[in-house]
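Colleague: Below is a structure I'd like to ask you about.
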Amino acid sequence: MFRTVFAVILAILLMSFNLSAAWAEGASGVETMPANEGIVVSSIDAAGYTYMELANGGKKFWIAAPTTKVSNGEHIRFVESMRMHNFTSKTLNRTFSELIFVTSTQAKVEK
C-alpha cells in the first residue's frame, strides 16, 4: 500500500515539474534551437571572413565563416571547426571574448 501511494505521489510531482518547465520555457518567449544554429543579429565582412553575431536561446555569440551573404534576422545553421578565446582580429581591430570559426553556414529552411 505504501509503495503504491508513494509511486502515485512521485508520478504527480514529476508530471507537475515537467508541466512547470514547459510553461516556463514557453512563457519566456525565447526560441530554443540546437547549439549550431542562431538568428543573425549583425554581421561584418573582413579579409575573407564574415563575422556574424548570432542569438540562440537568449544568448549571443560570434562566429567567423568564409565570406557569406547574410541578412539580419536570418536563421542559419553552421558547422563548427574551432573555438578561440580572446581572439583578436587585426583587420577589425577588435578582440572577441570567444569566436567560433566555422567551415560553412546554411540558411535554415523551415519545414
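By convention here, the chains of the C-alpha cells are called A, B, ... in the order presented, each chain's residues are numbered starting at 1, and ligands are numbered starting at 1 in the order presented.
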Name all residues at most 12 Å from Thr95 of chain A (count only C-alpha atoms; drop same-chain ones fewer than 6 positions away) and give them as a ChimeraX atom specification.
Modeller: /A:62,84-89
Colleague: Which polymer residues have any atom within 12 Å of an atom of Val79 of chain A, counting only C-alpha atoms, with same-chain residues fewer than 6 positions away left out, as a PyMOL selection string?
Modeller: chain A and resi 34-38+63-66+100-106
Colleague: When you count only C-alpha atoms, which of these residues is closest to Met33 of chain A: A:Ala107, A:Phe96, A:Ala46, A:Gly57?
Modeller: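 Looking at the shortest contact to Met33 of chain A, the residue is A:Gly57.
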Colleague: In Å, with one decimal, what is the gap from atom CA of Gly73 of chain A to atom CA of Thr91 of chain A?
Modeller: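 Those two atoms sit 25.2 Å apart.
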Colleague: Can you measure atom CA of Ser81 of chain A to atom CA of Leu99 of chain A for me? One decimal in Å is fine.
Modeller: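 Taking atom CA of Ser81 of chain A as the start and atom CA of Leu99 of chain A as the end point, the length is 10.8 Å.
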Colleague: Would you compute the distance between atom CA of Ser97 of chain A and atom CA of Glu74 of chain A? Give it in Å to one decimal.
Modeller: 23.5 Å
Colleague: I'd like the contact shell of Ser42 of chain A - 6 Å cut-off, only C-alpha atoms, skipping same-chain residues fewer than 4 positions apart - returned as a list in words.
Modeller: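 Non-adjacent residues within range: Met52, Glu53 and Asn72 of chain A.
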Colleague: Which one is closest to Asp45 of chain A: A:Leu92, A:Ile76, A:Arg83, A:Thr32? Count only C-alpha atoms.
Modeller: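 Selected residue with least distance to Asp45 of chain A: A:Leu92.
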Colleague: Can you tell me, as a list in words, which residues in segment 26-68 of chain A count as strand (DSSP E) by DSSP?
Modeller: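 Of segment 26-68 of chain A, the ones in strand (DSSP E) are Glu37, Gly38, Ile39, Val40, Val41, Ser42, Ser43, Ile44, Asp45, Ala46, Tyr49, Thr50, Tyr51, Met52, Glu53, Leu54, Ala55, Asn56, Lys59, Lys60, Phe61, Trp62, Ile63, Ala64, Ala65 and Pro66 of chain A.
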